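Single-structure report; data block below.
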Protein chains: 2
Amino acid sequence: MIKANDPGLQSWIEVPANSDFPIQNLPFGVGALTSLLHNGQGEILSIGGDLAEVDLGGPVTIIGNTVISLEALQAIGYLSSLNLPEGVFSTQYLNEFIELGKPVWRALRDRLSEIFRKDNPELRDDKEARKKCLFNVADVQMLMPVKIGDYTDFYSSKEHATNVGTMFRDPKNALLPNWLHLPVAYHGRASSVIVSGQNFHRPKGQMTPPNTETPVFGPTKALDIELETAFIIGKSTELGQSVSTKDAEDHIFGMVLFNDWSARDIQRWEYVPLGPFLAKNFASTISPWIVTLDALEPFRVKAPEQQTPVLPYLQHAPGNTAVDINLEVYLQPENTDALKICTSNYKYMYWTMDQQLAHHTVNGCNINVGDMMASGTISGPTPDSFGSLLEITWGGANPIKFPNGTERKYLQDGDTVIIKGYAKNDNVRIGFGEAKAKVLPAL
Amino acid sequence: MIKANDPGLQSWIEVPANSDFPIQNLPFGVGALTSLLHNGQGEILSIGGDLAEVDLGGPVTIIGNTVISLEALQAIGYLSSLNLPEGVFSTQYLNEFIELGKPVWRALRDRLSEIFRKDNPELRDDKEARKKCLFNVADVQMLMPVKIGDYTDFYSSKEHATNVGTMFRDPKNALLPNWLHLPVAYHGRASSVIVSGQNFHRPKGQMTPPNTETPVFGPTKALDIELETAFIIGKSTELGQSVSTKDAEDHIFGMVLFNDWSARDIQRWEYVPLGPFLAKNFASTISPWIVTLDALEPFRVKAPEQQTPVLPYLQHAPGNTAVDINLEVYLQPENTDALKICTSNYKYMYWTMDQQLAHHTVNGCNINVGDMMASGTISGPTPDSFGSLLEITWGGANPIKFPNGTERKYLQDGDTVIIKGYAKNDNVRIGFGEAKAKVLPAL
C-alpha cells in the first residue's frame with residue numbers, strides 16, 4: 001500500500017466530517033489569496049509575476065478547509081529532504097513540478113503526509129511558520145492548476161454513445177461500427193478550459209430552424225452540460241513514440257472533474273463532417289484540485305468487460321483498470337434551490353484511461369506534461385445516471401421539474417451547474433471538490 | 001504604401017535572382033547555428049536555455065542567403081530607436097515579440113529595411129558587428145518559430161470540398177449543406193506541428209480492409225499530403241470576445257506554408273462522428289519563415305464571389321481580402337528527381353482569413369498569440385492544381401507517373417515532399433521558402 005494512503009492517519013489540521021480533503025487525499029492545485037486578486041468589484045485581476053512573491057500564490061495542497069502553500073513549505077525548509085529544484089513552486093502553474101516525475105510526486109505526498117500527521121510537531125507547533133504556510137480556503141481563489149498544451153476529448157461511455165445514437169440515428173444500431181473497436185476522440189480547444197468559479201457568457205452561433213437548411217444567427221437555445229472527468233499528462237513523449245496500456249499510468253499525474261459545455265443547436269448544424277467546433281470551444285470547466293492516481297489507488301475496480309475483442313495494443317494486463325468515483329450534477333436556477341439531476345460513476349466507462357492514452361499515442365502523436373484528456377460524457381445505465389441534459393430530458397421530451405414548478409430542457413441564463421465527485425469506502429473519502437459555473441447572458 | 005515594401009529598394013546584402021527573400025520580404029523565424037545544434041550524427045540536440053547566449057540562437061530574419069540575428073542587432077544597439085523590451089529576442093520563440101503588437105512589427109520591419117538598404121553604411125561598413133549579426137543560411141538550422149497554443153484546421157477550398165464530396169458521396173450534392181454558410185473547421189494537435197526539415201515516421205493505426213467492419217492494425221497504406229497555408233495569431237482576445245472581419249487582420253501576424261499529412265485509411269475508419277484524430281495528429285509540417293501580412297500587401301486580390309449570401313458576421317467590407325500566393329508541391333522518391341505534382345494558388349480559397357477568424361471567435365472562443373490556423377487543402381479548378389494525392393490520383397485511379405517509370409498513389413517510405421510558395425509581380429518576389437519532410441519507415 002502507498003504509505004500516504006494509510007486510512008488510520010489523522011492530521012493536526014481539522015478535517016470536518018465528509019470533507020473531500022482528508023490527509024489521505026493531498027490533491028494539487030494553484031491558489032492565490034483572494035484579497036490580492038480582487039479589485040473590490042468582484043472581478044479577478046490579472047495574475048502577474050508578483051504573485052509568486054506573496055505568501056500564497058502558486059502551487060498548493062489542501063487538508064480539510066486549510067489550503068497549504070507549497071512555496072512557503074519549501075521556503076521555510078520543510079521540503080528540504082526532497083531536494084526539489086529551487087523555485088519549482090514559485091510558478092503560476094504546476095507543470096514544472098509535474099515534470100519532475102512520479103517518484104517525486106510520491107515523495108512529496110509522503111512528506112506532506114508526514115508533516116501534517118497528528119503526532120508530528122515540526123510545523124504544528126511553530127506558529128510563525130504556520131502563518132506563512134496555511135490559509136483558510138475561504139480566503140483563497142483557486143486558479144487554473146496547469147498550463148494545458150493540448151486538450152483531447154474522448155467519447156468513451158457506452159451508455160452515452162448508445163443514448164445519443166438511439167435518439168439521433170437508429171435504436172437498433174445505436175453504436176457506430178468503430179465505437180467498440182477504438183476509443184473515439186477528437187481534439188478540443190485548450191485556451192477556453194476555465195477553472196471552477198469562472199462564469200461564462202452564452203455563446204452565439206449559426207443554427208438552423210426545424211426543417212430548414214438556411215441558418216440563422218443568435219445565442220444558442222440548447223445550452224447543455226456534459227458530465228466528464230479528465231486526466232492530466234504527467235510525463236511527456238517524443239514524436240513517434242507510443243505509450244502501452246501497461247505504461248500508461250506512469251504518464252498520468254491525476255484527475256479532475258470536467259464540464260464540457262455544449263451548444264446542441266450549433267453542434268447539429270456544424271459538426272458534419274469534421275466534428276464539433278464552436279459548439280464546444282467557448283468554455284469547458286474543470287475542478288481546481290488535481291487528485292493523484294496514488295490517492296485513488298484504494299478505489300480501483302475492474303473495468304466493464306469488453307465483449308468485442310480489441311486489438312492487442314488496446315488490451316489490458318489483468319487488474320483493476322477502472323476507478324470507482326461517484327459523480328453528481330446539481331442544477332441551480334437563480335433564486336431556486338439546487339437540484340441533483342444526475343448520479344453517475346466513473347467506473348461505468350467502457351474505455352479506460354490506459355486504453356485512451358495507448359490509442360492516442362499509437363500513431364506516434366507526442367504528449368506533453370499538462371495536456372488534458374477528458375473522458376467524454378459519463379452516463380450510467382439508468383436515466384438518473386445520464387450525464388447530459390440531452391439524455392436526462394431525452395431530447396426535451398421529459399423536462400427536469402423543480403419543486404417550485406421551474407422546468408428545464410436546456411440551460412437558461414443565470415443557471416449554475418455544479419459537478420461534484422468523490423471516491424469513498426468504509427475508511428476514507430477522497431473528494432474532488434467541485435466544478436461550478438454560472439451561465440451569463442450572451443454578450 | 002508600406003515603406004518597407006518599396007519595390008525600388010535594394011540591399012547591400014547580395015540577393016540572388018529569384019530569391020524568396022529580397023529586402024522587401026523580411027520574414028521572421030527562429031534559427032540556431034547548426035554547429036551548436038548537432039551532435040555530429042545528424043541528430044538535433046535539444047534546445048536548452050544556453051542558445052540565447054550564443055551569437056545566433058533565437059529570432060532571426062533573412063535577406064537573400066543571409067540570416068540576420070535580431071538578438072545581436074538589438075544587443076549592439078541597432079534597434080535602440082524602437083525601445084523594444086530588453087531580452088525580447090533572447091528567447092526560443094517569437095511569441096514575446098509578436099505580443100508587442102502590429103505597430104511594433106511594422107516599426108521593426110521599417111527599421112530593418114533601413115539598416116540593410118544599399119546606401120546605409122551603419123552596419124554595412126562595420127565588419128565586427130556584421131560578424132555578430134549575419135550568418136550564411138547554410139550554417140543555420142531553422143527551428144519552430146512560435147510556441148503554438150492551439151491549432152485549428154479549416155476546410156475552406158470549395159474545389160477541395162467538392163472533389164472529396166464527389167468521390168465519397170454524391171457528385172450532384174458534393175458540398176454538405178453547411179459548407180457554403182460557414183467556414184467548416186476542426187481543432188487539431190498543436191504538439192505535433194513540426195518545422196521543415198524534421199522527418200517523421202509513417203504512423204500506425206486501425207484501418208478496415210475493403211468491405212469489412214473489423215479493423216486490422218498496421219502502418220498506414222494511404223499516407224497523403226494536404227497543401228495548405230496557415231496564419232499565426234498576433235493579438236490575443238479574452239474569453240467571450242469576438243473579432244469582426246473588419247478587425248481580423250489586426251490579430252494576424254503572418255503566414256506560413258503548411259503540410260497537413262493525412263493517413264486516409266485511418267481517417268476513413270475513425271472520423272465518424274467526431275472528425276479526424278489519429279489520421280492527422282502524428283505530424284504537420286510548416287515552413288520556418290513567417291511572412292507578414294504587410295509584406296504580402298502588394299499581392300492582395302479580390303476573393304472569389306460568394307454566391308450564397310452569408311450571415312452579417314461573415315460579410316466583408318469591400319476590398320481585397322484574398323492574397324495571390326503561388327503554391328507548388330514537389331514529390332521526390334529516393335534516388336529520383338523531384339517532380340512537381342501540383343501548382344495551386346491561395347487566391348482560390350472560398351473563405352478568407354478574415355472570415356475564418358470572425359467565425360472562430362463569434363461564439364466567444366478566445367485566441368492567443370502563437371495560435372495557428374490552417375487553411376485546409378488548397379485545390380484549384382484544374383486537376384494539376386489539386387492539393388492532395390487523393391485528388392491528384394482521383395482516389396488512386398490515376399497514379400502519378402515519374403519519368404523513370406516510378407508510380408505513386410500514396411506516399412512510400414523515403415519519399416520527400418516539398419511545398420513552396422511565393423507571391424510575385426513585375427517588381428518583386430516575396431517567397432515563403434519551403435515546407436519539406438521525408439517519410440521514414442514506421443517504428
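If you're wondering about the labels, chains in the C-alpha cells are A, B, ... by order shown, residues count from 1 in each chain, ligands from 1 in order shown.
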
Pick out the chain B residues within 8 Å of chain A. Count only C-alpha atoms. Give them as a ChimeraX atom specification.
-> /B:149-150,176-178,181,184-192,200-201,203-205,213,215-217,239-240,269-278,281-283,311,360,362-368,443

Which of segment 167-360 of chain B counts as strand (DSSP E) under DSSP, as a ChimeraX atom specification please?
-> /B:185-187,193-195,200-201,204-207,216-219,223-224,227-233,252-259,262-263,284-286,291-292,300-301,322-323,326-332,339-345

Compare A:Thr229, A:Gln412, A:Thr352, A:Thr292 by their minimum atom-to-atom distance to Glu328 of chain A, counting only C-alpha atoms, and give me the closest one.
->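 The shortest atom-to-atom distance to Glu328 of chain A comes from A:Thr229.
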
Compile a residue-level contact table for segment 326-384 of chain A against segment 295-305 of chain A at a cut-off of 12 Å, reporting for every qualifying residue the shortest atom pair and its distance in Å to one decimal, with only C-alpha atoms counted, rows ordered by chain and ascending number, as CSV.
```
residue,atom,partner,partner_atom,distance
A:Asn326,CA,A:Phe299,CA,10.6
A:Asn345,CA,A:Val301,CA,11.8
A:Tyr346,CA,A:Ala303,CA,9.8
A:Lys347,CA,A:Ala303,CA,6.6
A:Tyr348,CA,A:Pro304,CA,6.9
A:Met349,CA,A:Ala303,CA,7.3
A:Tyr350,CA,A:Pro304,CA,6.0
A:Trp351,CA,A:Ala303,CA,8.0
A:Thr352,CA,A:Ala303,CA,7.2
A:Met353,CA,A:Ala303,CA,10.5
A:Asp354,CA,A:Ala303,CA,11.0
A:Gln355,CA,A:Ala303,CA,11.1
A:Gly380,CA,A:Pro304,CA,11.8
```

Please measure the separation of atom CA of Glu226 of chain A and atom CA of Phe258 of chain A, giving the value in Å to one decimal.
->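 A separation of 8.0 Å between them.
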
Quick one: everything within 6 Å of segment 112-124 of chain A, counting only C-alpha atoms, minus sequence neighbours fewer than 3 positions away in the same chain. Send it as a PyMOL selection string.
-> chain A and resi 4+10-12+109

Export, as a short mmCIF file (atom, residue, chain, number, x, y, z; two decimals), in the first residue's frame, the selected residues with C-alpha atoms.
```cif
data_model
loop_
_atom_site.label_atom_id
_atom_site.label_comp_id
_atom_site.auth_asym_id
_atom_site.auth_seq_id
_atom_site.Cartn_x
_atom_site.Cartn_y
_atom_site.Cartn_z
CA ALA A 4 0.26 8.25 2.46
CA GLN A 10 -5.13 11.66 11.10
CA SER A 11 -3.96 15.24 10.75
CA TRP A 12 -3.44 18.00 13.29
CA ARG A 109 2.88 13.29 -0.99
#
```

Using only C-alpha atoms, determine which residues lie at most 8 Å from segment 422-437 of chain B, disregarding the query and same-chain residues fewer than 6 positions distant; provide the list as number ranges by chain.
-> B: 7, 18-22, 24-25, 195-200, 256-259, 285-291, 295-296, 299, 324-327, 416

At what distance in Å, to one decimal, does atom CA of Gln332 of chain B lie from atom CA of Lys221 of chain B?
-> 18.0 Å

Quick one: of A:Ser344, A:Asn398, A:Asn173, A:Ser156, who's nearest to Met373 of chain A, counting only C-alpha atoms?
-> A:Ser156

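Distances to Phe253 of chain B were evaluated for B:Pro85, B:Gly376, B:Pro103, B:Gly57 using only C-alpha atoms, and the minimum falls at B:Pro103.
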